[in-house]
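Q: Structure file final_23.tsv (TSV, C-alpha atoms and all ligand atoms) is given on the next line.
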chain	number	residue	atom	x	y	z
A	1	MET	CA	0.00	0.00	0.00
A	2	ASN	CA	1.08	3.50	-0.74
A	3	ILE	CA	1.56	4.52	2.86
A	4	THR	CA	4.50	6.75	3.62
A	5	ARG	CA	7.93	7.89	2.61
A	6	ARG	CA	10.03	5.05	1.31
A	7	THR	CA	11.81	4.47	4.61
A	8	LEU	CA	8.56	3.16	5.97
A	9	LEU	CA	7.62	1.08	2.98
A	10	GLY	CA	7.37	-2.65	3.33
A	11	SER	CA	6.38	-2.46	6.96
A	12	ALA	CA	3.61	-4.34	8.54
A	13	GLY	CA	0.32	-5.73	7.62
A	14	ALA	CA	-0.41	-4.16	4.24
A	15	SER	CA	-0.87	-7.48	2.49
A	16	ALA	CA	-3.00	-8.88	5.30
A	17	ALA	CA	-5.21	-5.80	5.23
A	18	LEU	CA	-5.68	-6.06	1.49
A	19	GLY	CA	-6.39	-9.77	1.79
A	20	ALA	CA	-9.18	-9.01	4.23
A	21	LEU	CA	-10.73	-6.74	1.60
A	22	GLY	CA	-10.65	-9.56	-0.92
A	23	ILE	CA	-8.02	-7.89	-3.07
A	24	ARG	CA	-5.73	-10.24	-4.88
A	25	ALA	CA	-2.69	-8.47	-3.58
A	26	GLY	CA	0.60	-9.42	-5.10
A	27	TRP	CA	-1.02	-11.22	-7.96
A	28	ALA	CA	0.90	-10.92	-11.19
A	29	ALA	CA	-1.53	-12.11	-13.79
A	30	THR	CA	0.53	-13.16	-16.70
A	31	ASP	CA	4.00	-12.77	-18.06
A	32	ILE	CA	4.23	-12.64	-21.81
A	33	SER	CA	7.31	-11.95	-23.84
A	34	LEU	CA	7.67	-9.91	-26.98
A	35	GLY	CA	11.19	-10.20	-28.37
A	36	ASP	CA	13.35	-9.22	-25.41
A	37	MET	CA	10.51	-7.39	-23.62
A	38	VAL	CA	8.96	-9.11	-20.60
A	39	ILE	CA	5.40	-7.87	-20.16
A	40	THR	CA	3.53	-8.46	-16.91
A	41	THR	CA	0.16	-7.26	-15.70
A	42	LEU	CA	-0.12	-6.43	-12.02
A	43	SER	CA	-3.37	-6.18	-10.09
A	44	ASP	CA	-4.11	-2.84	-8.45
A	45	GLY	CA	-7.34	-4.37	-7.09
A	46	TYR	CA	-10.73	-3.56	-8.55
A	47	LEU	CA	-13.26	-0.75	-8.85
A	48	THR	CA	-16.75	-0.68	-7.37
A	49	GLN	CA	-19.08	1.41	-9.52
A	50	PRO	CA	-22.85	1.77	-9.83
A	51	ALA	CA	-24.08	0.02	-12.98
A	52	ASP	CA	-25.50	3.28	-14.34
A	53	PHE	CA	-21.99	4.73	-14.50
A	54	MET	CA	-21.53	2.42	-17.48
A	55	PHE	CA	-25.01	1.49	-18.69
A	56	ALA	CA	-27.21	4.62	-18.32
A	57	PRO	CA	-26.83	6.02	-21.88
A	58	MET	CA	-27.29	2.66	-23.65
A	59	PRO	CA	-30.49	1.48	-25.40
A	60	GLN	CA	-32.09	-0.09	-22.34
A	61	ASP	CA	-34.26	-2.83	-23.91
A	62	ALA	CA	-31.44	-4.10	-26.08
A	63	LEU	CA	-29.07	-3.82	-23.13
A	64	ALA	CA	-31.39	-5.88	-20.90
A	65	ALA	CA	-31.62	-8.60	-23.56
A	66	TYR	CA	-27.85	-8.65	-24.03
A	67	LEU	CA	-27.03	-8.67	-20.30
A	68	ALA	CA	-29.42	-11.60	-19.84
A	69	THR	CA	-27.36	-13.61	-22.32
A	70	ARG	CA	-24.27	-12.88	-20.25
A	71	GLY	CA	-25.91	-13.43	-16.87
A	72	ILE	CA	-25.10	-9.87	-15.79
A	73	ASP	CA	-27.43	-8.23	-13.25
A	74	ARG	CA	-28.34	-4.76	-14.59
A	75	GLY	CA	-28.69	-3.33	-11.09
A	76	ALA	CA	-25.63	-4.82	-9.44
A	77	ALA	CA	-22.47	-2.80	-8.84
A	78	LEU	CA	-19.72	-3.26	-11.40
A	79	THR	CA	-16.40	-4.52	-10.08
A	80	PRO	CA	-13.91	-4.42	-12.96
A	81	GLU	CA	-10.31	-5.42	-12.35
A	82	CYS	CA	-7.56	-2.83	-12.51
A	83	ASN	CA	-4.51	-4.20	-14.33
A	84	VAL	CA	-1.33	-2.17	-14.54
A	85	THR	CA	1.11	-3.18	-17.27
A	86	LEU	CA	4.80	-3.55	-16.39
A	87	VAL	CA	7.38	-3.86	-19.18
A	88	ARG	CA	10.98	-4.82	-18.51
A	89	HIS	CA	13.18	-4.16	-21.51
A	90	GLU	CA	16.89	-3.42	-21.97
A	91	GLY	CA	17.34	-2.31	-18.36
A	92	ARG	CA	14.22	-0.16	-18.36
A	93	VAL	CA	11.35	-0.90	-15.96
A	94	ILE	CA	8.29	0.78	-17.44
A	95	LEU	CA	4.89	1.06	-15.76
A	96	PHE	CA	1.85	1.98	-17.81
A	97	ASP	CA	-0.19	3.96	-15.24
A	98	ALA	CA	0.42	4.31	-11.52
A	99	GLY	CA	-2.74	2.75	-10.08
A	100	SER	CA	-5.17	4.34	-7.63
A	101	GLY	CA	-3.00	4.91	-4.59
A	102	THR	CA	-4.67	5.14	-1.21
A	103	GLY	CA	-7.09	8.01	-1.75
A	104	PHE	CA	-9.64	6.64	-4.22
A	105	LEU	CA	-11.34	3.34	-3.31
A	106	ASP	CA	-10.76	0.79	-0.57
A	107	THR	CA	-10.83	-1.97	-3.16
A	108	ALA	CA	-7.98	-0.54	-5.24
A	109	GLY	CA	-4.46	0.64	-4.55
A	110	ALA	CA	-2.77	-2.77	-4.38
A	111	LEU	CA	-0.11	-2.08	-7.02
A	112	PRO	CA	2.76	-1.54	-4.54
A	113	ASP	CA	2.12	-4.98	-3.05
A	114	ALA	CA	1.92	-6.55	-6.49
A	115	LEU	CA	5.28	-5.00	-7.36
A	116	ASP	CA	6.73	-6.19	-4.07
A	117	ALA	CA	5.59	-9.73	-4.79
A	118	LEU	CA	7.43	-9.53	-8.09
A	119	GLY	CA	10.59	-8.25	-6.40
A	120	VAL	CA	10.33	-4.81	-7.97
A	121	ASP	CA	11.00	-1.86	-5.66
A	122	PRO	CA	9.31	1.48	-6.45
A	123	GLY	CA	12.82	2.89	-6.86
A	124	ASP	CA	13.54	0.34	-9.60
A	125	VAL	CA	10.86	1.80	-11.88
A	126	THR	CA	12.56	3.89	-14.55
A	127	HIS	CA	9.48	5.20	-16.43
A	128	VAL	CA	5.81	5.75	-15.59
A	129	VAL	CA	3.77	6.29	-18.75
A	130	PHE	CA	0.15	7.38	-18.36
A	131	THR	CA	-2.75	6.37	-20.56
A	132	HIS	CA	-4.87	9.11	-19.02
A	133	GLY	CA	-5.57	11.18	-15.93
A	134	HIS	CA	-8.48	9.35	-14.27
A	135	ALA	CA	-8.12	8.48	-10.59
A	136	ASP	CA	-7.57	4.74	-11.00
A	137	HIS	CA	-4.64	5.43	-13.35
A	138	LEU	CA	-3.04	8.56	-11.92
A	139	TRP	CA	-3.60	8.90	-8.20
A	140	GLY	CA	-0.96	6.30	-7.24
A	141	VAL	CA	1.71	8.63	-8.60
A	142	LEU	CA	2.18	10.31	-5.20
A	143	ASP	CA	2.57	8.80	-1.75
A	144	ASP	CA	0.71	10.08	1.28
A	145	PHE	CA	3.31	12.85	1.73
A	146	ASP	CA	2.71	14.00	-1.84
A	147	ASP	CA	6.15	12.80	-2.88
A	148	PRO	CA	6.52	10.83	-6.12
A	149	PHE	CA	5.97	7.17	-5.23
A	150	PHE	CA	8.20	6.00	-8.08
A	151	TYR	CA	10.94	8.34	-6.99
A	152	ASN	CA	13.56	7.50	-9.61
A	153	ALA	CA	11.21	7.34	-12.59
A	154	LYS	CA	10.66	9.69	-15.49
A	155	HIS	CA	6.93	10.40	-15.78
A	156	MET	CA	5.35	10.78	-19.21
A	157	MET	CA	1.84	11.80	-20.28
A	158	GLY	CA	0.18	12.73	-23.54
A	159	GLN	CA	0.27	16.50	-24.01
A	160	ALA	CA	-3.47	16.87	-24.64
A	161	GLU	CA	-4.37	14.81	-21.58
A	162	PHE	CA	-2.03	16.80	-19.32
A	163	ASP	CA	-3.31	20.10	-20.70
A	164	TYR	CA	-6.92	19.14	-19.97
A	165	TRP	CA	-6.45	18.08	-16.33
A	166	ALA	CA	-3.89	20.79	-15.51
A	167	ASP	CA	-6.24	23.51	-16.79
A	168	PRO	CA	-7.78	25.39	-13.82
A	169	ASP	CA	-11.04	25.74	-15.80
A	170	THR	CA	-11.57	21.99	-16.04
A	171	VAL	CA	-13.00	21.72	-12.51
A	172	ASN	CA	-15.62	24.30	-13.49
A	173	SER	CA	-16.59	22.82	-16.84
A	174	ILE	CA	-16.54	19.08	-16.08
A	175	ALA	CA	-19.75	17.22	-15.10
A	176	GLU	CA	-20.57	17.72	-11.45
A	177	ASP	CA	-20.08	14.09	-10.47
A	178	ARG	CA	-16.56	14.23	-11.90
A	179	VAL	CA	-15.37	17.28	-9.99
A	180	PRO	CA	-13.53	15.21	-7.34
A	181	MET	CA	-11.69	13.39	-10.13
A	182	ALA	CA	-10.67	16.69	-11.71
A	183	VAL	CA	-9.56	18.19	-8.39
A	184	GLY	CA	-7.54	15.07	-7.61
A	185	ALA	CA	-5.88	15.08	-11.02
A	186	LYS	CA	-4.97	18.76	-10.87
A	187	ARG	CA	-3.46	18.44	-7.41
A	188	ARG	CA	-1.22	15.61	-8.54
A	189	LEU	CA	-0.24	17.19	-11.85
A	190	ASP	CA	0.59	20.43	-10.05
A	191	VAL	CA	3.14	18.45	-8.03
A	192	MET	CA	4.43	16.43	-10.99
A	193	GLY	CA	4.14	19.00	-13.75
A	194	ASP	CA	7.72	20.28	-13.78
A	195	GLN	CA	9.15	16.81	-14.13
A	196	MET	CA	6.54	15.41	-16.51
A	197	GLN	CA	7.56	14.73	-20.10
A	198	PHE	CA	4.95	15.08	-22.82
A	199	PHE	CA	4.33	13.30	-26.08
A	200	GLY	CA	1.92	13.21	-28.98
A	201	ASP	CA	0.29	10.77	-31.39
A	202	GLY	CA	2.66	8.44	-33.23
A	203	GLU	CA	5.77	9.28	-31.22
A	204	GLU	CA	8.16	6.50	-30.29
A	205	ILE	CA	8.39	7.54	-26.65
A	206	LEU	CA	10.84	4.80	-25.66
A	207	PRO	CA	12.58	2.16	-27.78
A	208	GLY	CA	9.85	-0.21	-28.96
A	209	VAL	CA	7.01	1.87	-27.45
A	210	ALA	CA	4.86	3.97	-29.79
A	211	ALA	CA	2.08	6.26	-28.56
A	212	ARG	CA	-1.28	6.20	-30.29
A	213	ALA	CA	-3.95	8.81	-29.78
A	214	THR	CA	-7.19	7.13	-28.66
A	215	PHE	CA	-9.09	10.21	-27.50
A	216	GLY	CA	-12.65	9.81	-26.25
A	217	HIS	CA	-12.66	7.93	-22.94
A	218	SER	CA	-10.83	11.02	-21.75
A	219	PRO	CA	-9.91	14.06	-23.82
A	220	GLY	CA	-6.32	12.99	-24.47
A	221	HIS	CA	-6.35	9.25	-23.77
A	222	MET	CA	-3.34	7.40	-25.21
A	223	SER	CA	-2.76	3.75	-26.07
A	224	PHE	CA	0.66	2.23	-26.68
A	225	GLU	CA	1.93	-0.23	-29.23
A	226	LEU	CA	4.83	-2.31	-27.96
A	227	ARG	CA	6.88	-3.52	-30.91
A	228	SER	CA	9.61	-6.06	-31.50
A	229	GLY	CA	10.42	-6.99	-35.07
A	230	SER	CA	7.13	-7.66	-36.81
A	231	SER	CA	5.26	-8.49	-33.57
A	232	SER	CA	3.23	-6.06	-31.47
A	233	VAL	CA	1.22	-5.92	-28.26
A	234	MET	CA	-1.29	-3.09	-27.79
A	235	VAL	CA	-1.77	-1.55	-24.36
A	236	VAL	CA	-5.22	-0.01	-24.77
A	237	GLY	CA	-5.79	1.42	-21.30
A	238	ASP	CA	-9.49	2.32	-21.08
A	239	ALA	CA	-10.06	2.72	-24.83
A	240	ILE	CA	-11.73	-0.72	-24.68
A	241	LEU	CA	-13.34	-0.40	-21.30
A	242	ASN	CA	-15.00	-3.72	-20.45
A	243	ASP	CA	-15.30	-7.27	-21.72
A	244	HIS	CA	-19.04	-7.21	-22.34
A	245	VAL	CA	-20.76	-4.35	-24.18
A	246	ALA	CA	-17.55	-2.74	-25.45
A	247	PHE	CA	-16.89	-5.88	-27.52
A	248	ALA	CA	-20.41	-7.10	-28.31
A	249	HIS	CA	-21.87	-3.63	-28.99
A	250	PRO	CA	-18.89	-1.36	-29.61
A	251	ASP	CA	-21.09	1.42	-30.99
A	252	TRP	CA	-23.21	1.76	-27.84
A	253	PRO	CA	-22.38	4.85	-25.79
A	254	ILE	CA	-20.60	4.07	-22.52
A	255	GLY	CA	-21.41	6.30	-19.57
A	256	ALA	CA	-17.83	6.45	-18.32
A	257	ASP	CA	-16.52	7.92	-21.60
A	258	SER	CA	-16.18	11.70	-21.69
A	259	ASP	CA	-16.81	12.01	-25.45
A	260	ARG	CA	-18.99	8.98	-26.13
A	261	GLU	CA	-19.11	9.31	-29.90
A	262	ALA	CA	-15.35	9.74	-30.26
A	263	ALA	CA	-14.77	6.87	-27.83
A	264	ALA	CA	-17.06	4.57	-29.84
A	265	ASN	CA	-15.22	5.38	-33.08
A	266	VAL	CA	-11.86	4.76	-31.45
A	267	ARG	CA	-13.10	1.50	-29.92
A	268	LYS	CA	-14.41	0.20	-33.24
A	269	GLY	CA	-11.17	1.10	-35.00
A	270	LEU	CA	-9.04	-0.64	-32.38
A	271	LEU	CA	-11.23	-3.75	-32.30
A	272	ASP	CA	-11.14	-4.02	-36.08
A	273	GLN	CA	-7.36	-3.76	-36.16
A	274	LEU	CA	-6.75	-6.07	-33.20
A	275	ALA	CA	-9.03	-8.75	-34.65
A	276	GLN	CA	-7.63	-8.36	-38.15
A	277	GLU	CA	-4.01	-8.57	-37.06
A	278	GLN	CA	-4.63	-11.04	-34.21
A	279	MET	CA	-2.54	-8.74	-32.06
A	280	THR	CA	-2.28	-9.42	-28.34
A	281	MET	CA	-3.91	-6.64	-26.33
A	282	ILE	CA	-3.91	-5.55	-22.71
A	283	GLY	CA	-6.96	-3.77	-21.28
A	284	PHE	CA	-6.74	-2.06	-17.90
A	285	HIS	CA	-10.22	-3.20	-16.81
A	286	LEU	CA	-10.48	-6.49	-18.72
A	287	PRO	CA	-10.74	-9.79	-16.81
A	288	ASN	CA	-8.12	-12.41	-15.94
A	289	GLY	CA	-5.31	-9.91	-15.86
A	290	GLY	CA	-6.42	-8.10	-18.98
A	291	ILE	CA	-4.19	-9.85	-21.52
A	292	GLY	CA	-5.87	-11.50	-24.48
A	293	ARG	CA	-6.93	-11.04	-28.04
A	294	VAL	CA	-9.98	-9.96	-29.99
A	295	GLU	CA	-12.17	-12.40	-31.86
A	296	ARG	CA	-14.54	-11.17	-34.55
A	297	GLN	CA	-18.10	-12.51	-34.26
A	298	GLY	CA	-20.10	-11.24	-37.23
A	299	ASP	CA	-20.48	-7.49	-36.75
A	300	ALA	CA	-19.40	-7.79	-33.13
A	301	PHE	CA	-16.32	-8.88	-31.21
A	302	ALA	CA	-15.42	-10.91	-28.13
A	303	PHE	CA	-12.50	-10.79	-25.71
A	304	VAL	CA	-10.51	-14.01	-25.45
A	305	PRO	CA	-8.31	-13.89	-22.33
A	306	ASN	CA	-4.86	-15.43	-22.53
A	307	GLN	CA	-5.59	-17.94	-19.82
A	401	ZN	ZN	-9.85	3.20	-15.63
Output the file's structure as structure tokens, nothing else.
A:
Amino acid sequence: MNITRRTLLGSAGASAALGALGIRAGWAATDISLGDMVITTLSDGYLTQPADFMFAPMPQDALAAYLATRGIDRGAALTPECNVTLVRHEGRVILFDAGSGTGFLDTAGALPDALDALGVDPGDVTHVVFTHGHADHLWGVLDDFDDPFFYNAKHMMGQAEFDYWADPDTVNSIAEDRVPMAVGAKRRLDVMGDQMQFFGDGEEILPGVAARATFGHSPGHMSFELRSGSSSVMVVGDAILNDHVAFAHPDWPIGADSDREAAANVRKGLLDQLAQEQMTMIGFHLPNGGIGRVERQGDAFAFVPNQ
């Protein structure tokens, strides 16, 4: 858990406390390799969200029929996994997103324990690359003293995403139920801003890591294509947000997306490409550690986890 300055890290009871909450602390889902990259997903725990946060803007009759086929209770809280991608490559230790930290939800914030279980110290992390600025991806960047948790790492974020959350007007213009998210993002980016590096669409931000603009879930959301030779793995963050409606009905608006039309277009484009190229993908909130591939099913798609 993201408790204190690093001198206090590793002390006492954090794993036991997480275990009592039912968090799969220290669970590294899957290692896959891509050339000389070792790619691991680490559990930060899971979210607990009201179903309407996802389902409210969808066509309700069609949604009810579809959820019945999947055995999903329309009224029950959603509890998607949070899977942070770790890439070890040529001496670099790269995290894609920083997890929730301690200030967001009791059910999330387990990333430090997952790293510990893997034998990775926060000081070993050389790069933290953000998909976007939502709480479950950004808030773990600082410890409880507001010091960078990954204290040796370079931190990198898409320019458009940083500009949106760092803008003092965002807290006034964002939907009311998202104000705490905007306040939390701005506070953290104010601390990190001077040492943050920025990038844009198509840039090779690190050797074998190319950024891809996938705006829509958030205003400057980025995905990342990991490349080795002719093989690739796509880290999609929240551009493909869940394993049910996002695949089966990619054109349905998802409540959690900030620009629902743009997000749907991005989602359809990614799903098409991933299915066509049979490229391995990693989704932050997809099940079984989030690593899998996309299978085309007529006009729709399905997620096929790696395990
Ligand atoms: Zn998320």
Q: Closest to ligand ZN 401 (chain A) among A:Leu138, A:Ala182, A:Val191, A:Ile94, using only C-alpha atoms and all ligand atoms?
A: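 Using only C-alpha atoms and all ligand atoms, ligand ZN 401 (chain A) sits closest to A:Leu138.
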Q: Quick one: residues within 6 Å of Gly216 (chain A), only C-alpha atoms counted, chain neighbours fewer than 5 positions away excluded, as a list of chain:residue names?
A: A:Asp259, A:Ala262, A:Ala263
Q: Do you know which residues are at most 12 Å from Leu189 (chain A) counting all atoms listed in the file, after dropping those on the same chain fewer than 3 positions away, and could you put them as a PyMOL selection string?
A: chain A and resi 130+132-135+138-142+146-148+155-157+161-168+182-186+192-197
Q: Please tabulate, as CSV, the residues of chain A that come within 9 Å of ligand ZN 401 (chain A), each with its closest pair of atoms and the distance in Å to one decimal, counting only C-alpha atoms and all ligand atoms and ordering rows by chain, then residue number upward.
A:
residue,atom,partner,partner_atom,distance
A:Leu47,CA,A:ZN401,ZN,8.6
A:Cys82,CA,A:ZN401,ZN,7.2
A:His132,CA,A:ZN401,ZN,8.4
A:His134,CA,A:ZN401,ZN,6.4
A:Ala135,CA,A:ZN401,ZN,7.5
A:Asp136,CA,A:ZN401,ZN,5.4
A:His137,CA,A:ZN401,ZN,6.1
A:Gly237,CA,A:ZN401,ZN,7.2
A:Asp238,CA,A:ZN401,ZN,5.5
A:Leu241,CA,A:ZN401,ZN,7.6
A:Phe284,CA,A:ZN401,ZN,6.5
A:His285,CA,A:ZN401,ZN,6.5
Q: Show me as a PyMOL selection string the residues that reach within 9 Å of (-26.8, 0.7, -13.2), counting all atoms listed in the file and using the file's own coordinates.
A: chain A and resi 49-56+73-78
Q: In Å to one decimal, how far is CA of Ile72 (chain A) from CA of Gln60 (chain A)?
A: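 Answer for the CA of Gln60 (chain A) to CA of Ile72 (chain A) separation: 13.7 Å.
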Q: With all atoms listed in the file as the counted atoms, please give the residues lying no more than 8 Å from region 291-305 of chain A, apart from itself and same-chain residues fewer than 4 positions off, as a short mmCIF file (atom, residue, chain, number, x, y, z; two decimals) with C-alpha atoms, keeping the file's coordinate frame.
A:
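Now in out-v5.cif:
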data_model
loop_
_atom_site.label_atom_id
_atom_site.label_comp_id
_atom_site.auth_asym_id
_atom_site.auth_seq_id
_atom_site.Cartn_x
_atom_site.Cartn_y
_atom_site.Cartn_z
CA THR A 30 0.53 -13.16 -16.70
CA THR A 41 0.16 -7.26 -15.70
CA ASP A 243 -15.30 -7.27 -21.72
CA HIS A 244 -19.04 -7.21 -22.34
CA PHE A 247 -16.89 -5.88 -27.52
CA ALA A 248 -20.41 -7.10 -28.31
CA HIS A 249 -21.87 -3.63 -28.99
CA PRO A 250 -18.89 -1.36 -29.61
CA LEU A 271 -11.23 -3.75 -32.30
CA LEU A 274 -6.75 -6.07 -33.20
CA ALA A 275 -9.03 -8.75 -34.65
CA GLN A 278 -4.63 -11.04 -34.21
CA MET A 279 -2.54 -8.74 -32.06
CA THR A 280 -2.28 -9.42 -28.34
CA MET A 281 -3.91 -6.64 -26.33
CA ILE A 282 -3.91 -5.55 -22.71
CA GLY A 283 -6.96 -3.77 -21.28
CA LEU A 286 -10.48 -6.49 -18.72
CA PRO A 287 -10.74 -9.79 -16.81
#
